[in-house]
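Printed here is data-v5.cif (mmCIF, C-alpha atoms):
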data_coords
#
loop_
_atom_site.label_atom_id
_atom_site.label_comp_id
_atom_site.auth_asym_id
_atom_site.auth_seq_id
_atom_site.Cartn_x
_atom_site.Cartn_y
_atom_site.Cartn_z
CA MET A 1 73.55 99.65 182.88
CA THR A 2 73.13 96.17 184.42
CA LEU A 3 71.02 94.02 182.12
CA GLN A 4 70.57 91.03 184.43
CA PRO A 5 67.67 90.77 186.91
CA ALA A 6 68.34 90.90 190.64
CA SER A 7 70.05 87.84 192.07
CA GLY A 8 67.49 85.06 192.46
CA ALA A 9 64.81 86.84 190.42
CA ARG A 10 63.82 85.67 186.96
CA ASP A 11 61.93 86.67 183.84
CA LEU A 12 58.94 84.52 182.85
CA ASN A 13 58.31 83.92 179.16
CA PRO A 14 54.80 84.32 177.66
CA GLN A 15 54.07 80.58 177.85
CA GLN A 16 54.96 80.46 181.56
CA VAL A 17 52.84 83.53 182.29
CA ARG A 18 49.93 82.04 180.35
CA LYS A 19 50.12 78.77 182.28
CA ASN A 20 50.36 80.62 185.61
CA HIS A 21 47.24 82.60 184.73
CA LEU A 22 45.36 79.48 183.63
CA ILE A 23 46.21 77.60 186.85
CA ALA A 24 45.33 80.56 189.08
CA SER A 25 42.07 81.13 187.19
CA LYS A 26 40.96 77.50 187.63
CA LEU A 27 41.79 77.62 191.34
CA SER A 28 39.99 80.93 191.91
CA SER A 29 36.82 79.56 190.28
CA LEU A 30 36.95 76.55 192.61
CA TYR A 31 37.54 78.69 195.72
CA GLN A 32 34.51 80.82 194.90
CA LEU A 33 32.33 77.72 194.53
CA TRP A 34 33.32 76.83 198.10
CA GLY A 35 32.22 80.27 199.35
CA TYR A 36 35.62 81.97 199.58
CA GLU A 37 35.99 85.66 198.73
CA ARG A 38 39.05 87.29 197.26
CA ILE A 39 41.29 89.50 199.36
CA SER A 40 44.43 91.30 198.17
CA PRO A 41 46.75 92.48 200.96
CA PRO A 42 49.57 94.93 200.15
CA HIS A 43 52.98 93.73 198.97
CA ILE A 44 54.66 96.01 201.53
CA GLU A 45 53.96 95.65 205.26
CA ARG A 46 55.49 96.72 208.54
CA LEU A 47 58.18 94.34 209.74
CA ASP A 48 56.30 93.46 212.94
CA THR A 49 53.49 92.14 210.73
CA LEU A 50 55.80 90.28 208.35
CA THR A 51 57.68 88.51 211.14
CA ALA A 52 54.30 87.11 212.26
CA ALA A 53 54.99 87.73 215.93
CA GLY A 54 58.31 85.85 215.78
CA GLY A 55 57.15 83.03 213.52
CA ILE A 56 59.33 84.25 210.63
CA SER A 57 62.96 85.26 210.94
CA ASN A 58 63.75 88.91 210.33
CA ASN A 59 66.65 87.80 208.10
CA GLU A 60 64.24 86.19 205.62
CA ILE A 61 62.43 89.45 204.89
CA LEU A 62 63.49 91.71 202.05
CA LYS A 63 63.69 95.17 203.66
CA ILE A 64 62.49 98.39 202.05
CA VAL A 65 64.45 101.62 202.51
CA SER A 66 62.01 104.02 204.21
CA ASP A 67 61.41 106.07 207.36
CA GLU A 68 59.42 103.13 208.75
CA PRO A 69 60.65 99.53 209.22
CA LEU A 70 59.00 98.02 206.12
CA GLY A 71 59.56 94.97 203.94
CA LEU A 72 58.15 92.82 201.15
CA ARG A 73 55.94 89.97 202.32
CA PRO A 74 57.66 86.53 202.39
CA GLU A 75 54.25 84.82 202.59
CA ILE A 76 50.59 85.89 202.54
CA THR A 77 49.02 84.49 205.72
CA ALA A 78 50.31 87.08 208.21
CA SER A 79 49.05 89.96 206.05
CA ILE A 80 45.59 88.40 205.74
CA ILE A 81 45.38 87.75 209.50
CA ARG A 82 46.41 91.36 210.13
CA ALA A 83 43.62 92.55 207.81
CA ALA A 84 41.09 90.17 209.40
CA SER A 85 41.96 91.53 212.86
CA THR A 86 41.65 95.18 211.82
CA ARG A 87 39.65 96.11 208.75
CA PHE A 88 37.45 92.99 208.92
CA ASN A 89 37.31 92.79 212.70
CA GLU A 90 33.58 93.52 212.82
CA TYR A 91 32.70 90.89 210.22
CA GLU A 92 30.97 87.80 211.57
CA ARG A 93 33.08 84.63 211.67
CA PRO A 94 33.96 82.45 209.95
CA LEU A 95 35.82 84.46 207.32
CA ARG A 96 36.64 82.64 204.10
CA PHE A 97 39.31 84.40 202.02
CA TRP A 98 41.27 83.39 198.94
CA SER A 99 44.21 85.12 197.30
CA ALA A 100 46.50 84.80 194.31
CA GLU A 101 49.58 86.88 195.03
CA THR A 102 53.34 87.16 194.67
CA SER A 103 55.60 86.80 197.68
CA PHE A 104 59.29 87.59 198.14
CA LYS A 105 61.71 85.65 200.31
CA CYS A 106 65.23 86.72 201.16
CA ASN A 107 67.76 83.88 201.08
CA GLN A 108 71.47 83.89 201.87
CA SER A 109 73.53 82.98 198.79
CA ILE A 110 76.70 80.85 198.87
CA ASP A 111 78.93 83.90 198.52
CA GLY A 112 77.23 85.68 201.44
CA GLY A 113 75.03 87.90 199.30
CA ILE A 114 71.25 88.03 199.05
CA ASP A 115 69.11 85.95 196.70
CA ILE A 116 65.52 87.05 196.07
CA GLU A 117 63.08 84.16 195.79
CA GLU A 118 59.97 85.46 194.04
CA SER A 119 57.01 83.08 193.96
CA PHE A 120 53.40 83.19 192.78
CA GLN A 121 51.02 81.57 195.23
CA SER A 122 47.32 80.77 195.31
CA GLY A 123 45.61 79.83 198.54
CA VAL A 124 42.81 80.15 201.07
CA GLU A 125 42.38 81.10 204.72
CA LEU A 126 39.47 79.99 206.96
CA ILE A 127 39.36 82.20 210.05
CA GLY A 128 37.16 81.83 213.12
CA THR A 129 36.39 78.08 213.27
CA LYS A 130 37.81 75.77 215.93
CA ALA A 131 35.99 72.57 214.95
CA ILE A 132 37.85 69.74 213.22
CA ASN A 133 35.41 70.26 210.33
CA ALA A 134 37.56 73.27 209.37
CA GLU A 135 40.56 70.97 208.84
CA ILE A 136 38.39 68.57 206.87
CA GLU A 137 37.08 71.41 204.68
CA LEU A 138 40.58 72.73 203.90
CA LEU A 139 42.03 69.31 203.09
CA SER A 140 39.00 68.43 200.95
CA LEU A 141 39.40 71.70 199.05
CA LEU A 142 43.12 71.02 198.56
CA ILE A 143 42.37 67.55 197.17
CA GLU A 144 39.76 68.97 194.79
CA SER A 145 42.22 71.67 193.70
CA LEU A 146 44.48 68.98 192.25
CA GLU A 147 41.66 67.81 190.03
CA VAL A 148 40.89 71.22 188.51
CA ILE A 149 44.52 72.10 187.73
CA GLU A 150 45.02 68.72 186.00
CA ILE A 151 48.55 67.76 187.02
CA ASP A 152 50.06 65.18 184.69
CA GLN A 153 49.12 61.70 185.92
CA LYS A 154 52.72 60.47 185.69
CA TYR A 155 53.50 62.41 188.88
CA LYS A 156 52.66 60.56 192.08
CA MET A 157 51.07 62.76 194.75
CA THR A 158 51.47 62.30 198.52
CA LEU A 159 49.63 64.25 201.21
CA LEU A 160 51.77 64.40 204.37
CA ILE A 161 49.90 65.29 207.55
CA GLY A 162 51.39 66.11 210.93
CA ASN A 163 50.46 67.83 214.16
CA THR A 164 52.65 70.15 216.22
CA TYR A 165 51.10 68.79 219.42
CA LEU A 166 52.13 65.25 218.49
CA LEU A 167 55.67 66.51 218.01
CA GLU A 168 55.53 68.26 221.40
CA LEU A 169 54.26 65.02 222.96
CA ILE A 170 57.23 63.13 221.51
CA LEU A 171 59.74 65.77 222.63
CA SER A 172 58.31 65.88 226.18
CA SER A 173 59.99 62.56 226.95
CA PHE A 174 63.50 63.97 226.42
CA ASP A 175 65.86 66.10 228.47
CA SER A 176 64.85 69.76 228.08
CA THR A 177 68.44 70.78 227.30
CA LYS A 178 68.42 68.54 224.22
CA ILE A 179 64.92 69.30 222.93
CA ASP A 180 65.86 71.89 220.28
CA GLN A 181 68.62 69.65 218.92
CA ILE A 182 66.36 66.57 218.84
CA LYS A 183 63.52 68.52 217.24
CA LYS A 184 65.80 69.63 214.40
CA ILE A 185 67.00 66.06 213.86
CA LEU A 186 63.42 64.75 213.77
CA CYS A 187 62.07 67.47 211.44
CA ASP A 188 65.07 67.26 209.09
CA LEU A 189 65.20 63.44 209.23
CA ASP A 190 68.92 63.92 209.85
CA TYR A 191 70.28 60.42 210.52
CA ILE A 192 73.87 61.67 210.39
CA ALA A 193 73.31 64.24 213.16
CA LEU A 194 71.56 61.52 215.18
CA THR A 195 74.76 59.45 215.28
CA THR A 196 76.63 62.31 216.99
CA LEU A 197 73.83 63.28 219.39
CA ASP A 198 74.95 63.10 223.03
CA VAL A 199 72.23 60.78 224.42
CA LYS A 200 72.05 57.22 225.66
CA GLU A 201 71.94 54.52 222.99
CA GLU A 202 68.44 53.53 224.11
CA GLN A 203 67.19 57.07 223.45
CA ARG A 204 69.04 57.20 220.12
CA MET A 205 67.23 54.05 218.98
CA PHE A 206 63.91 55.49 220.15
CA ILE A 207 64.49 58.69 218.15
CA LYS A 208 65.32 56.58 215.10
CA THR A 209 62.07 54.64 215.61
CA ILE A 210 60.09 57.90 215.61
CA MET A 211 61.93 59.11 212.49
CA ASN A 212 60.91 55.92 210.68
CA MET A 213 57.29 56.09 211.84
CA ARG A 214 55.93 58.02 208.83
CA GLY A 215 53.38 55.97 206.86
CA LYS A 216 49.81 54.71 206.86
CA PRO A 217 47.83 56.86 209.32
CA GLU A 218 46.07 53.99 211.09
CA LYS A 219 49.35 52.15 211.74
CA VAL A 220 51.20 55.28 212.91
CA LEU A 221 48.38 56.31 215.26
CA THR A 222 48.28 52.81 216.74
CA ASN A 223 52.05 52.91 217.35
CA LEU A 224 51.80 56.34 218.99
CA GLN A 225 48.89 55.20 221.13
CA ASN A 226 50.89 52.18 222.29
CA ILE A 227 53.72 54.50 223.38
CA TYR A 228 51.84 57.49 224.81
CA GLY A 229 48.34 56.18 225.45
CA SER A 230 45.10 57.76 224.24
CA ASN A 231 44.76 61.55 223.97
CA SER A 232 42.49 64.05 222.22
CA TYR A 233 44.97 64.80 219.41
CA ILE A 234 45.20 61.16 218.38
CA ASP A 235 41.40 60.80 218.55
CA LYS A 236 40.84 63.88 216.39
CA LEU A 237 43.34 62.66 213.82
CA LYS A 238 41.54 59.32 213.64
CA GLU A 239 38.30 61.17 212.92
CA LEU A 240 39.96 63.30 210.27
CA PHE A 241 41.55 60.37 208.43
CA THR A 242 38.30 58.40 208.21
CA ILE A 243 36.99 61.18 205.94
CA ILE A 244 40.13 62.44 204.17
CA GLU A 245 41.70 59.11 203.20
CA PRO A 246 38.76 57.92 201.03
CA LEU A 247 38.56 61.35 199.32
CA ALA A 248 42.28 61.30 198.56
CA LYS A 249 42.20 57.70 197.35
CA GLU A 250 39.52 58.64 194.77
CA LYS A 251 41.98 61.15 193.28
CA GLY A 252 44.98 58.80 193.38
CA ILE A 253 46.63 60.64 196.29
CA GLU A 254 48.50 58.69 198.96
CA VAL A 255 47.97 59.93 202.51
CA GLN A 256 50.69 59.56 205.14
CA LEU A 257 50.89 60.63 208.76
CA ASP A 258 54.26 62.10 209.72
CA PRO A 259 54.51 62.88 213.47
CA THR A 260 57.75 64.81 212.83
CA LEU A 261 56.45 66.94 209.96
CA GLY A 262 58.09 70.32 210.38
CA THR A 263 57.62 73.68 208.68
CA LYS A 264 60.10 76.38 207.80
CA TYR A 265 58.04 79.08 209.50
CA LYS A 266 56.89 78.79 213.13
CA LEU A 267 53.35 79.83 212.30
CA TYR A 268 51.46 76.66 213.06
CA SER A 269 49.91 75.25 216.23
CA GLY A 270 48.07 72.02 215.56
CA LEU A 271 47.50 70.34 212.21
CA THR A 272 50.16 70.81 209.51
CA PHE A 273 50.23 69.35 206.01
CA SER A 274 52.27 69.31 202.82
CA LEU A 275 51.35 68.09 199.36
CA VAL A 276 54.38 66.52 197.70
CA SER A 277 54.75 65.47 194.07
CA SER A 278 57.29 63.10 192.61
CA SER A 279 59.41 64.47 189.78
CA THR A 280 62.22 63.38 187.48
CA SER A 281 64.85 64.63 189.95
CA ALA A 282 63.56 65.09 193.52
CA PRO A 283 60.22 65.39 195.36
CA VAL A 284 58.59 68.82 195.00
CA THR A 285 56.39 70.39 197.69
CA ILE A 286 53.63 72.09 195.71
CA ALA A 287 51.34 73.04 198.61
CA LYS A 288 51.52 73.42 202.36
CA GLY A 289 49.45 74.73 205.21
CA GLY A 290 48.08 74.17 208.67
CA ARG A 291 46.28 75.59 211.67
CA TYR A 292 47.62 78.86 213.12
CA ASP A 293 45.34 79.69 216.09
CA ASP A 294 48.25 81.17 218.10
CA LEU A 295 49.06 83.57 215.27
CA VAL A 296 45.46 84.82 215.14
CA LYS A 297 45.56 85.38 218.92
CA LYS A 298 48.71 87.50 218.63
CA PHE A 299 47.11 89.78 216.03
CA SER A 300 43.66 89.94 217.60
CA SER A 301 42.49 92.47 220.18
CA SER A 302 39.86 90.01 221.39
CA ALA A 303 40.19 86.47 222.77
CA GLN A 304 37.08 85.30 220.93
CA ASN A 305 37.12 83.24 217.71
CA CYS A 306 40.92 83.29 217.53
CA TYR A 307 41.17 80.35 215.17
CA GLY A 308 42.59 80.03 211.69
CA ILE A 309 43.70 77.49 209.13
CA GLY A 310 44.83 77.81 205.53
CA PHE A 311 47.02 76.56 202.71
CA SER A 312 48.98 77.96 199.80
CA ILE A 313 49.72 76.34 196.43
CA SER A 314 52.92 77.24 194.60
CA VAL A 315 51.67 78.07 191.11
CA ASP A 316 55.24 78.26 189.79
CA LYS A 317 55.95 74.68 190.88
CA VAL A 318 52.57 73.36 189.70
CA ARG A 319 53.18 74.92 186.29
CA GLU A 320 56.05 72.51 185.65
CA LEU A 321 53.83 69.51 186.45
CA VAL A 322 50.84 70.41 184.26
CA SER A 323 50.58 68.49 181.00
CA THR A 324 51.55 70.72 178.07
CA SER A 325 49.54 68.61 175.58
CA LYS A 326 46.25 69.81 177.09
CA GLU A 327 47.36 73.42 176.93
CA LYS A 328 48.13 73.17 173.21
CA LEU A 329 44.56 72.12 172.50
CA VAL A 330 43.27 75.45 173.79
CA ASN A 331 43.42 78.39 171.37
CA ASN A 332 45.92 76.55 169.18
CA VAL A 333 45.04 78.75 166.17
CA LYS A 334 46.74 82.11 165.80
CA VAL A 335 45.83 84.03 162.65
CA LEU A 336 47.87 86.59 160.75
CA ILE A 337 45.60 89.00 158.87
CA ALA A 338 47.46 90.23 155.78
CA TYR A 339 46.73 92.64 152.94
CA LYS A 340 48.54 93.79 149.79
CA GLN A 341 47.24 97.36 149.69
CA SER A 342 47.18 99.93 152.51
CA VAL A 343 43.57 100.86 151.74
CA ASN A 344 42.52 97.44 153.07
CA LEU A 345 43.73 98.12 156.64
CA TYR A 346 40.20 99.12 157.72
CA LYS A 347 38.81 95.82 156.37
CA ALA A 348 41.60 94.00 158.19
CA LEU A 349 40.60 95.65 161.49
CA LYS A 350 36.97 94.60 160.96
CA GLN A 351 38.06 91.03 160.22
CA GLN A 352 40.20 90.99 163.37
CA LYS A 353 37.22 92.14 165.45
CA GLU A 354 35.12 89.30 164.00
CA LEU A 355 37.80 86.71 164.82
CA HIS A 356 38.16 88.08 168.35
CA ARG A 357 34.39 87.78 168.80
CA LYS A 358 34.78 84.07 168.06
CA GLY A 359 37.63 83.79 170.58
CA ILE A 360 40.32 83.34 167.91
CA ILE A 361 43.73 84.95 168.46
CA SER A 362 44.65 87.20 165.55
CA VAL A 363 47.16 89.92 164.70
CA ILE A 364 47.32 92.33 161.76
CA SER A 365 50.31 92.95 159.53
CA HIS A 366 51.60 96.49 160.06
CA GLU A 367 52.63 96.83 156.44
CA PRO A 368 51.22 95.59 153.11
CA LEU A 369 52.81 92.28 152.07
CA LYS A 370 54.20 91.97 148.57
CA THR A 371 56.17 88.72 148.42
CA ASN A 372 55.92 85.16 149.75
CA ASP A 373 59.18 85.59 151.64
CA GLU A 374 57.75 88.60 153.48
CA THR A 375 54.62 86.62 154.34
CA ASP A 376 56.58 83.60 155.63
CA GLN A 377 58.84 85.80 157.73
CA LEU A 378 55.87 87.65 159.25
CA LEU A 379 54.10 84.38 160.08
CA LYS A 380 57.23 83.20 161.86
CA SER A 381 58.00 86.45 163.72
CA ASN A 382 54.40 86.77 164.98
CA ARG A 383 54.26 83.05 165.85
CA CYS A 384 51.10 82.55 163.76
CA ASN A 385 50.05 79.25 162.19
CA LYS A 386 47.37 80.53 159.81
CA ILE A 387 46.96 83.45 157.41
CA GLU A 388 43.89 85.29 156.15
CA TRP A 389 44.19 87.67 153.21
CA ILE A 390 42.08 90.81 152.86
CA ASP A 391 41.46 91.68 149.22
#

In structure tokens, write the structure found in this file.
Amino acid sequence: MTLQPASGARDLNPQQVRKNHLIASKLSSLYQLWGYERISPPHIERLDTLTAAGGISNNEILKIVSDEPLGLRPEITASIIRAASTRFNEYERPLRFWSAETSFKCNQSIDGGIDIEESFQSGVELIGTKAINAEIELLSLLIESLEVIEIDQKYKMTLLIGNTYLLELILSSFDSTKIDQIKKILCDLDYIALTTLDVKEEQRMFIKTIMNMRGKPEKVLTNLQNIYGSNSYIDKLKELFTIIEPLAKEKGIEVQLDPTLGTKYKLYSGLTFSLVSSSTSAPVTIAKGGRYDDLVKKFSSSAQNCYGIGFSISVDKVRELVSTSKEKLVNNVKVLIAYKQSVNLYKALKQQKELHRKGIISVISHEPLKTNDETDQLLKSNRCNKIEWID
């Protein structure tokens, strides 16, 4: 018998599970205050749903052996859009859904095998609204989410915002045969690949200028306007930043505009965003999202209200950034209820019920305790920090 979990999978200890539950619970309460309703799509879907109409590579999906082409979901959005376009098709728009679910990604390991990346995510989807107010609502909710989950203040937070149409505008000035290569260089910020790119030196310097353009939204938009002139995407972004920047600043979040912001999955058409936290080793992306109108159109049988935007928060990554000191203050008492005679077990059960009514964690000794050594060992093995004796 193999005793190790599948490659890439992991066991969570009780403390990690408890913190995951606490984070997800706080987020769900916030989502509901904003009018979002819970939805729980299946873990297993047909492959044509999971590939999100070509937005997700078939190789990244963990396949299920069955008579139908099925797999485990690598993300939640496609499943929710599929449900919105079928079971909830008759519901009036907008639809506001939230979920807290596990997803499974299939990664290629160094030795050519398969690594399973299991992640617990919490997020929302707003379906059926085209107005820029939808973007403002989602980003405002994301900013407020940081406050309720109480990430340790030592971690600096940065909200990166991009737009796929801005990236298309930038790429439109290059030779079509080089567009895919240039796009990868821009999205990956790959300065090394830029040095070997077969373009004129003038174009190489221009690409480098674009790569270095990430920063204060007002400055970046002005630079883009100077290059490409005014357009509706730049105007809408200006409107968005006038509202989002002050909200983020109140929470200590830096906002940056990144015209080359890319995403792993080709789901988005329009606004994209990532929430990045500093850490002791490297930056960690704890949330990401964007507008996916084209995806809604591909799933929908009607051309009306085919709009959608959403985000997901990686609870597993957030868990490592939440202050442990605050967690220890909650339910820090765990009581061992002990007795010396078996006849007192009934009294012990009544005492446990009373402690539970008060919200105090308590466990009962399974055997009568006779010696101090037995008592000390039982306190340790049950991870209790207080004892109550039943006479």

Exercise for review: Would you work out the distance separating CA of Ala248 in chain A from CA of Ile143 in chain A, expressed in Å to one decimal?
Suggested key: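 According to the coordinates, CA of Ala248 in chain A and CA of Ile143 in chain A are separated by 6.4 Å.
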
Run the PyMOL selection byres ((chain A and resi 347-359) around 9) mentally over the shown coordinates, then write out the matched residues as an mmCIF file with C-alpha atoms, keeping the file's coordinate frame, using the chain letters and numbers from the document.
data_model
loop_
_atom_site.group_PDB
_atom_site.id
_atom_site.type_symbol
_atom_site.label_atom_id
_atom_site.label_comp_id
_atom_site.auth_asym_id
_atom_site.auth_seq_id
_atom_site.Cartn_x
_atom_site.Cartn_y
_atom_site.Cartn_z
ATOM 1 C CA ASN A 331 43.420 78.390 171.370
ATOM 2 C CA VAL A 335 45.830 84.030 162.650
ATOM 3 C CA ILE A 337 45.600 89.000 158.870
ATOM 4 C CA ALA A 338 47.460 90.230 155.780
ATOM 5 C CA TYR A 339 46.730 92.640 152.940
ATOM 6 C CA VAL A 343 43.570 100.860 151.740
ATOM 7 C CA ASN A 344 42.520 97.440 153.070
ATOM 8 C CA LEU A 345 43.730 98.120 156.640
ATOM 9 C CA TYR A 346 40.200 99.120 157.720
ATOM 10 C CA ILE A 360 40.320 83.340 167.910
ATOM 11 C CA ILE A 361 43.730 84.950 168.460
ATOM 12 C CA SER A 362 44.650 87.200 165.550
ATOM 13 C CA VAL A 363 47.160 89.920 164.700
ATOM 14 C CA ILE A 364 47.320 92.330 161.760
ATOM 15 C CA SER A 365 50.310 92.950 159.530
ATOM 16 C CA TRP A 389 44.190 87.670 153.210
ATOM 17 C CA ILE A 390 42.080 90.810 152.860
ATOM 18 C CA ASP A 391 41.460 91.680 149.220
#

Exercise for review: Step by step, work through what the PyMOL selection byres ((chain A and resi 383) around 12) selects in the shown file, and finish by giving those residues as a list in words.
Suggested key: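 Applied to this file, the PyMOL selection byres ((chain A and resi 383) around 12) returns Pro14, Asn332, Val333, Lys334, Val335, Leu336, Ile361, Ser362, Val363, Asp376, Gln377, Leu378, Leu379, Lys380, Ser381, Asn382, Cys384, Asn385, Lys386 and Ile387 of chain A.
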
Exercise for review: Apply the PyMOL selection byres ((chain A and resi 173) around 12) to the displayed file and report the matching residues as a PyMOL selection string.
Suggested key: chain A and resi 166-172+174-179+182-183+203+206-207+227-228

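The smallest atom-to-atom distance between Phe241 in chain A and any of A:Leu95, A:Ala303, A:Leu197, A:Leu139, using only C-alpha atoms, is found for A:Leu139.
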
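Straight-line separation from CA of Trp34 in chain A to CA of Glu125 in chain A: 12.0 Å.
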
Review point. Residues at most 8 Å from Lys297 in chain A, counting only C-alpha atoms, excluding those fewer than 4 positions away in the same chain, as JSON, numbers by chain?
Key: {"A": [293, 301, 302, 303, 306, 307]}

Same residues, C-alpha atoms, output as an mmCIF file, in the coordinates of the input:
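The result, stored in selection_27.cif:
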data_model
loop_
_atom_site.group_PDB
_atom_site.id
_atom_site.type_symbol
_atom_site.label_atom_id
_atom_site.label_comp_id
_atom_site.auth_asym_id
_atom_site.auth_seq_id
_atom_site.Cartn_x
_atom_site.Cartn_y
_atom_site.Cartn_z
ATOM 1 C CA ASP A 293 45.340 79.690 216.090
ATOM 2 C CA SER A 301 42.490 92.470 220.180
ATOM 3 C CA SER A 302 39.860 90.010 221.390
ATOM 4 C CA ALA A 303 40.190 86.470 222.770
ATOM 5 C CA CYS A 306 40.920 83.290 217.530
ATOM 6 C CA TYR A 307 41.170 80.350 215.170
#

**Study point:** For Thr164 in chain A: contacts at 9 Å, all atoms listed in the file, fewer than 4 positions along chain excluded, given as a ChimeraX atom specification
**Key:** /A:168-169,259-262,268-272
